[in-house]
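Engineer: Just upload.cif, nothing more (mmCIF, C-alpha atoms):
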data_start
loop_
_atom_site.label_atom_id
_atom_site.label_comp_id
_atom_site.auth_asym_id
_atom_site.auth_seq_id
_atom_site.Cartn_x
_atom_site.Cartn_y
_atom_site.Cartn_z
CA MET W 1 27.58 -197.08 192.98
CA LYS W 2 27.37 -193.53 191.60
CA THR W 3 27.54 -194.77 188.00
CA SER W 4 24.60 -197.09 188.56
CA PHE W 5 22.56 -194.28 190.11
CA TYR W 6 23.28 -191.96 187.16
CA LEU W 7 22.42 -194.67 184.60
CA LYS W 8 19.09 -195.38 186.33
CA THR W 9 18.31 -191.64 186.48
CA LEU W 10 19.23 -191.16 182.80
CA SER W 11 17.12 -194.21 181.83
CA THR W 12 14.14 -192.81 183.74
CA ILE W 13 14.49 -189.40 182.03
CA LEU W 14 14.77 -190.97 178.57
CA LEU W 15 11.77 -193.25 179.19
CA SER W 16 9.70 -190.28 180.41
CA ALA W 17 10.63 -188.23 177.35
CA THR W 18 9.78 -191.13 175.03
CA LEU W 19 6.36 -191.63 176.63
CA ALA W 20 5.65 -187.89 176.41
CA VAL W 21 6.40 -187.92 172.69
CA ALA W 22 4.31 -191.07 172.14
CA GLN W 23 1.32 -189.41 173.83
CA ALA W 24 1.66 -186.09 171.96
CA ALA W 25 -1.47 -184.68 170.40
CA PRO W 26 -1.93 -185.03 166.64
CA VAL W 27 -0.72 -182.12 164.54
CA PRO W 28 -3.66 -179.76 163.85
CA ILE W 29 -4.73 -179.29 160.24
CA ALA W 30 -4.06 -175.72 159.12
CA ALA W 31 -6.87 -173.68 157.60
CA GLY W 32 -6.70 -173.97 153.83
CA LEU W 33 -5.05 -177.40 153.81
CA GLY W 34 -6.88 -180.39 152.35
CA LYS W 35 -8.39 -182.70 154.95
CA SER W 36 -7.28 -186.02 153.42
CA GLY W 37 -4.31 -186.48 155.76
CA GLY W 38 -2.04 -186.54 152.74
CA ALA W 39 -2.41 -183.04 151.32
CA THR W 40 1.33 -182.33 151.56
CA SER W 41 4.44 -184.34 150.88
CA HIS W 42 5.23 -184.64 154.60
CA GLY W 43 1.71 -185.08 155.97
CA ASP W 44 0.96 -181.58 157.26
CA THR W 45 2.23 -178.00 157.35
CA LEU W 46 4.70 -178.87 160.12
CA SER W 47 6.24 -181.63 157.96
CA SER W 48 5.67 -184.14 160.76
CA ASP W 49 5.56 -187.12 158.35
CA THR W 50 2.46 -188.34 160.15
CA SER W 51 -1.02 -189.06 158.88
CA PRO W 52 -4.38 -189.98 160.38
CA LEU W 53 -4.77 -192.47 157.53
CA ARG W 54 -4.25 -196.16 158.14
CA GLY W 55 -1.39 -197.96 156.49
CA PRO W 56 -1.87 -200.66 153.87
CA LYS W 57 -4.00 -203.56 154.99
CA ASN W 58 -3.07 -207.17 154.45
CA SER W 59 -3.82 -207.66 150.81
CA SER W 60 -3.25 -210.23 148.14
CA ARG W 61 -2.59 -207.38 145.70
CA ALA W 62 1.09 -206.92 144.98
CA PRO W 63 2.49 -203.39 144.94
CA GLN W 64 2.74 -201.95 141.47
CA LEU W 65 5.39 -199.79 139.86
CA ILE W 66 4.05 -196.71 138.09
CA SER W 67 6.54 -195.10 135.71
CA LEU W 68 6.00 -191.37 135.26
CA SER W 69 9.44 -190.72 133.68
CA ALA W 70 10.14 -188.37 136.55
CA ALA W 71 11.31 -188.14 140.15
CA CYS W 72 8.20 -187.59 142.28
CA PRO W 73 8.99 -186.17 145.73
CA ASN W 74 5.47 -184.90 146.40
CA LEU W 75 2.33 -187.05 146.37
CA MET W 76 -0.83 -185.26 147.50
CA VAL W 77 -3.98 -187.24 148.29
CA LEU W 78 -7.21 -185.48 147.32
CA SER W 79 -10.50 -185.82 149.20
CA ASP W 80 -11.82 -188.42 146.73
CA GLY W 81 -8.68 -190.60 147.00
CA LYS W 82 -7.13 -189.49 143.71
CA VAL W 83 -3.45 -188.54 143.88
CA MET W 84 -1.72 -185.49 142.44
CA ALA W 85 1.96 -186.30 141.91
CA MET W 86 4.25 -183.26 141.66
CA CYS W 87 7.33 -184.57 139.90
CA VAL W 88 10.51 -183.35 138.20
CA ASP W 89 10.55 -184.58 134.61
CA TYR W 90 13.70 -186.57 133.77
CA ILE W 91 14.25 -184.90 130.40
CA THR W 92 13.14 -181.26 130.81
CA ARG W 93 13.92 -181.01 134.57
CA ASN W 94 10.69 -179.02 134.91
CA PRO W 95 7.88 -179.82 137.32
CA LYS W 96 5.16 -182.09 135.98
CA LEU W 97 1.86 -182.50 137.82
CA THR W 98 0.15 -185.85 137.20
CA LEU W 99 -3.35 -186.87 138.30
CA LEU W 100 -3.72 -190.58 139.18
CA ASP W 101 -6.84 -192.48 140.13
CA LYS W 102 -7.07 -194.60 143.30
CA ASP W 103 -5.56 -197.59 141.46
CA GLY W 104 -2.57 -195.65 140.11
CA LYS W 105 -3.84 -195.16 136.55
CA VAL W 106 -2.59 -191.90 135.01
CA LEU W 107 -5.59 -189.72 134.19
CA THR W 108 -3.76 -186.62 132.89
CA ASN W 109 -0.72 -184.41 133.48
CA ILE W 110 0.51 -180.89 132.86
CA MET W 111 4.05 -179.51 132.48
CA LEU W 112 4.87 -176.49 134.66
CA THR W 113 7.68 -173.94 134.90
CA SER W 114 10.24 -173.74 137.67
CA ALA W 115 12.94 -171.30 138.68
CA SER W 116 15.27 -174.08 139.91
CA LEU W 117 15.63 -177.87 139.90
CA LEU W 118 13.44 -178.36 142.98
CA GLY W 119 11.49 -175.13 142.56
CA SER W 120 7.80 -175.50 143.32
CA VAL W 121 7.77 -179.27 143.79
CA TYR W 122 6.66 -179.08 147.43
CA ALA W 123 3.19 -177.80 146.77
CA TYR W 124 0.05 -178.62 148.77
CA ALA W 125 -3.57 -179.55 148.09
CA ASN W 126 -6.11 -177.18 149.61
CA GLU W 127 -9.60 -177.88 150.97
CA ARG W 128 -11.02 -177.55 147.40
CA ASP W 129 -8.57 -180.17 146.04
CA GLU W 130 -6.58 -177.51 144.18
CA VAL W 131 -2.80 -177.86 144.12
CA ILE W 132 -1.14 -174.61 145.17
CA PHE W 133 2.43 -173.76 144.12
CA VAL W 134 4.70 -170.93 142.95
CA ASP W 135 5.72 -171.18 139.28
CA GLY W 136 9.04 -170.35 137.62
CA TYR W 137 7.97 -166.72 137.19
CA HIS W 138 7.26 -166.42 140.95
CA ASN W 139 3.48 -166.31 140.53
CA LEU W 140 1.17 -168.03 143.01
CA ILE W 141 -0.80 -170.61 141.00
CA SER W 142 -3.57 -173.13 141.68
CA ILE W 143 -4.34 -176.17 139.55
CA ARG W 144 -7.58 -178.11 139.73
CA ALA W 145 -8.66 -181.31 138.06
CA GLN W 146 -11.94 -181.41 136.18
CA ASN W 147 -13.68 -184.22 134.36
CA GLN W 148 -14.90 -182.86 131.03
CA ASN W 149 -17.09 -185.35 129.15
CA GLY W 150 -15.18 -188.34 130.56
CA LYS W 151 -11.71 -186.87 130.04
CA TRP W 152 -9.67 -185.43 132.93
CA VAL W 153 -8.10 -182.00 132.44
CA LEU W 154 -5.87 -179.95 134.74
CA HIS W 155 -6.71 -176.22 134.77
CA LYS W 156 -4.06 -173.68 135.82
CA ASN W 157 -5.45 -170.59 137.56
CA PRO W 158 -3.24 -167.66 138.59
CA PHE W 159 -4.30 -165.98 141.85
CA GLY W 160 -5.05 -162.57 140.36
CA GLN W 161 -1.93 -160.47 140.49
CA ILE W 162 -0.04 -162.26 143.27
CA HIS W 163 3.49 -161.99 141.96
CA LEU W 164 6.15 -162.90 144.54
CA ALA W 165 9.36 -161.98 142.68
CA ARG W 166 10.25 -158.99 144.86
CA HIS W 167 9.86 -161.17 147.97
CA VAL W 168 11.79 -164.12 146.50
CA LEU W 169 14.54 -162.19 144.69
CA GLY W 170 14.63 -158.91 146.65
CA HIS W 171 17.62 -159.92 148.77
CA CYS W 172 19.92 -160.74 145.87
CA LYS W 173 19.19 -158.15 143.15
CA LYS W 174 19.64 -160.58 140.29
CA SER W 175 17.22 -162.72 138.32
CA GLY W 176 17.37 -166.43 138.98
CA CYS W 177 19.29 -166.18 142.25
CA ASP W 178 16.58 -167.85 144.33
CA SER W 179 13.27 -169.69 144.04
CA VAL W 180 10.39 -170.99 146.09
CA VAL W 181 10.83 -174.71 146.81
CA ALA W 182 7.96 -175.30 149.26
CA ILE W 183 4.71 -173.56 150.11
CA ASN W 184 2.06 -174.17 152.76
CA PRO W 185 -1.12 -172.36 153.75
CA GLY W 186 -0.71 -169.76 156.48
CA SER W 187 -2.67 -167.25 158.46
CA GLU W 188 -3.64 -163.81 157.19
CA ALA W 189 -0.71 -162.39 159.17
CA ASP W 190 1.61 -164.43 156.93
CA ASP W 191 0.10 -163.13 153.69
CA VAL W 192 2.24 -161.10 151.32
#
What do you get writing this file as structure tokens?

Structural biologist:
Amino acid sequence: MKTSFYLKTLSTILLSATLAVAQAAPVPIAAGLGKSGGATSHGDTLSSDTSPLRGPKNSSRAPQLISLSAACPNLMVLSDGKVMAMCVDYITRNPKLTLLDKDGKVLTNIMLTSASLLGSVYAYANERDEVIFVDGYHNLISIRAQNQNGKWVLHKNPFGQIHLARHVLGHCKKSGCDSVVAINPGSEADDV
């Protein structure tokens, strides 16, 4: 009898917890993050792996394979539907940022520097469709896409003199001992 009572009680608790999670509010979009619902690799600054975007509809179009000669852990959707793919190049092992149109056609790319194998690959797209990341020299960088006379170009813009090396390497006293892997927008209280 007691076992049955405990199993029913445990089942009720688990069901209540499941319903509470299913009814949870959507994750708020942080200030400075792009509004596409896909501005980070994991959906939002809390890495919830959720998105307000709908999944693929029934379509007669078959999925297509796009070879970028790289491992691409971070796909960021811009406000116009284009995708910035932050990848690790197979040969150089450096980050490579590739701009793709809505149909997956490569528009342009740029090679970047990294302080480690996965350094900087978890960047984010901000509300101006700029990709924000920390480069291999520990500088905060933004990259924006621009169409110049029908040709897409990626422009790299350092954020003034925001050099993060003392914050990234300060605990270990040796060059190359650590690197920034992921970055997200934060509040002014989080600023360096």

Engineer: Can you list what the PyMOL selection byres ((chain W and resi 124) around 9) grabs from this structure, as a list in words?

Structural biologist: Leu33, Gly34, Ala39, Thr40, Ser41, Thr45, Asn74, Met76, Tyr122, Ala123, Ala125, Asn126, Glu130, Val131, Ile132, Phe133, Ala182, Ile183, Asn184 and Pro185 of chain W

Engineer: Hey, what's within 12 Å of Ile162 of chain W if we count all atoms listed in the file and toss same-chain stuff fewer than 6 positions away? As a PyMOL selection string, please?

Structural biologist: chain W and resi 133-135+137-142+191-192

Engineer: Kindly resolve the PyMOL selection byres ((chain W and resi 113) around 8) on the present coordinates and return the residues as a ChimeraX atom specification.

Structural biologist: /W:94-95,111-112,114-115,135-137

Engineer: Quick check, in Å to one decimal: how far apart do atom CA of Leu100 of chain W and atom CA of Lys156 of chain W lie?

Structural biologist: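 Between these atoms lies a distance of 17.2 Å.
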
Engineer: Taking the point (2.1, -199.6, 139.6) as given in the file, collect each protein or nucleic acid residue that comes within 10 Å of it, counting all atoms listed in the file, and present the set as a list in words.

Structural biologist: Ala62, Pro63, Gln64, Leu65, Ile66, Ser67, Asp103, Gly104 and Lys105 of chain W

Engineer: Please write as a PyMOL selection string the full residue list that the PyMOL selection byres ((chain W and resi 68) around 12) yields on this file.

Structural biologist: chain W and resi 65-67+69-72+85-91+95-100+104-109

Engineer: For Val181 of chain W, which residue out of W:Ala145, W:Val168, W:Val121, W:Met84 is the nearest one, using only C-alpha atoms?

Structural biologist: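 The closest residue to Val181 of chain W is W:Val121.
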
Engineer: Quick one: distance from atom CA of Glu127 of chain W to atom CA of Lys102 of chain W in Å, one decimal?

Structural biologist: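 Result for atom CA of Glu127 of chain W versus atom CA of Lys102 of chain W: 18.6 Å, one decimal.
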
Engineer: Just to confirm, what's the straight-line distance from atom CA of His155 of chain W to atom CA of Leu75 of chain W in Å (one decimal)?

Structural biologist: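 For atom CA of His155 of chain W relative to atom CA of Leu75 of chain W, the distance reads 18.3 Å.
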
Engineer: Smallest atom-to-atom distance to Leu154 of chain W: which of W:Cys177, W:Val83, W:Val77, W:Ile110, using only C-alpha atoms?

Structural biologist: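 Once distances to Leu154 of chain W are computed over only C-alpha atoms, the minimum belongs to W:Ile110.
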
Engineer: Which is closest to Gly38 of chain W among W:Ser60, W:Gln146, W:Gly81, W:Pro73, if we use only C-alpha atoms?

Structural biologist: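 Looking only at the distances to Gly38 of chain W, the closest residue turns out to be W:Gly81.
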
Engineer: So, with only C-alpha atoms as the atoms that count, which of W:Gly150, W:Asp178, W:Arg93, W:Arg144 lies closest to Leu78 of chain W?

Structural biologist: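 Closest to Leu78 of chain W of all the choices is W:Arg144.
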